[in-house]
Amino acid sequence: MSVKKTKGIISTILILSGLLSFITGTVLYFLNYGMWLCFTRDFLNDIHALSGLIMGIMVITHFCINRRAYLAEMRTLLKGKEP
């Protein structure tokens, strides 16, 4: 698989897991008990934890793949001038 496809897949997983974590976190924050639509609070809590775990793993993978670009950005930031 090419590097561009890999980066695209990782970015898509990051976006989806972040969105899922945001939605379930919001519902859990406002839902004190019972169900939301057809989902129990325990199920939403499990989905929230799993999506957070997936997002954390993908962030580390994303950083490893893009470390050269990140280091170049940090060098530019610390030098205070554009290359």
# chains A, B, ... in the order shown; residues from 1 in each chain; ligands from 1

$ select_by_dssp --residues "chain A" --states "helix (DSSP H, G or I)" --output "JSON, numbers by chain"
{"A": [3, 4, 5, 6, 7, 8, 9, 10, 11, 12, 13, 14, 15, 16, 17, 18, 19, 20, 21, 22, 23, 24, 25, 26, 27, 28, 29, 30, 41, 42, 43, 44, 45, 46, 47, 48, 49, 50, 51, 52, 53, 54, 55, 56, 57, 58, 59, 60, 61, 62, 63, 64, 65, 67, 68, 69, 70, 71, 72, 73, 74, 75, 76, 77, 78, 79]}

$ residues_around --residues "region 1-8 of chain A" --least-positions-apart "2" --cutoff "12 Å" --atoms "only C-alpha atoms" --output "list in words"
Ile10, Ser11, Thr12, Ile13, Leu14, Ile15, Met58, Val59, Thr61, His62, Phe63, Cys64, Ile65 and Asn66 of chain A

$ write_last_selection --atoms "N, CA and C atoms" --output "compact mmCIF listing (two decimals), in the first residue's frame"
# COMPACT_ATOMS: atom_id res chain seq x y z
N ILE A 10 -5.32 6.58 7.86
CA ILE A 10 -5.08 7.00 9.24
C ILE A 10 -5.83 8.30 9.55
N SER A 11 -5.80 9.26 8.64
CA SER A 11 -6.51 10.52 8.86
C SER A 11 -8.01 10.30 8.96
N THR A 12 -8.55 9.42 8.12
CA THR A 12 -9.97 9.12 8.16
C THR A 12 -10.36 8.46 9.48
N ILE A 13 -9.53 7.52 9.94
CA ILE A 13 -9.80 6.86 11.22
C ILE A 13 -9.74 7.87 12.36
N LEU A 14 -8.77 8.79 12.31
CA LEU A 14 -8.67 9.83 13.33
C LEU A 14 -9.92 10.71 13.35
N ILE A 15 -10.38 11.12 12.20
CA ILE A 15 -11.55 11.98 12.11
C ILE A 15 -12.79 11.25 12.63
N MET A 58 -4.06 5.91 16.79
CA MET A 58 -3.89 6.55 15.48
C MET A 58 -3.08 7.84 15.58
N VAL A 59 -3.20 8.57 16.68
CA VAL A 59 -2.39 9.78 16.86
C VAL A 59 -0.91 9.42 16.92
N THR A 61 0.49 6.69 15.67
CA THR A 61 0.86 6.22 14.33
C THR A 61 1.02 7.41 13.38
N HIS A 62 0.12 8.36 13.43
CA HIS A 62 0.18 9.55 12.58
C HIS A 62 1.45 10.33 12.86
N PHE A 63 1.81 10.47 14.12
CA PHE A 63 3.04 11.18 14.47
C PHE A 63 4.27 10.44 13.94
N CYS A 64 4.29 9.12 14.06
CA CYS A 64 5.44 8.34 13.57
C CYS A 64 5.61 8.49 12.06
N ILE A 65 4.52 8.46 11.34
CA ILE A 65 4.59 8.57 9.88
C ILE A 65 4.99 9.98 9.45
N ASN A 66 4.53 10.99 10.15
CA ASN A 66 4.77 12.37 9.75
C ASN A 66 5.82 13.07 10.61

$ select_by_dssp --residues "chain A" --states "strand (DSSP E)" --output "ChimeraX atom specification"
/A:35-36,39-40

$ write_last_selection --atoms "C-alpha atoms" --output "mmCIF file, in the first residue's frame"
data_model
loop_
_atom_site.group_PDB
_atom_site.id
_atom_site.type_symbol
_atom_site.label_atom_id
_atom_site.label_comp_id
_atom_site.auth_asym_id
_atom_site.auth_seq_id
_atom_site.Cartn_x
_atom_site.Cartn_y
_atom_site.Cartn_z
ATOM 1 C CA MET A 35 -31.152 5.336 27.315
ATOM 2 C CA TRP A 36 -30.454 7.627 24.375
ATOM 3 C CA PHE A 39 -28.390 2.827 23.199
ATOM 4 C CA THR A 40 -27.869 2.261 26.902
#

$ residues_around --residues "Leu28 (chain A)" --least-positions-apart "5" --cutoff "9 Å" --atoms "only C-alpha atoms" --output "list in words"
Ile23, Tyr33, Arg41, Leu44, Asn45 and His48 of chain A

$ closest_residue --among "A:Cys38, A:Ala72, A:Leu20, A:Leu31" --to "Leu50 (chain A)" --atoms "only C-alpha atoms"
A:Leu20

$ closest_residue --among "A:Val27, A:Leu37, A:Leu16, A:Leu77" --to "Ser51 (chain A)" --atoms "only C-alpha atoms"
A:Leu16
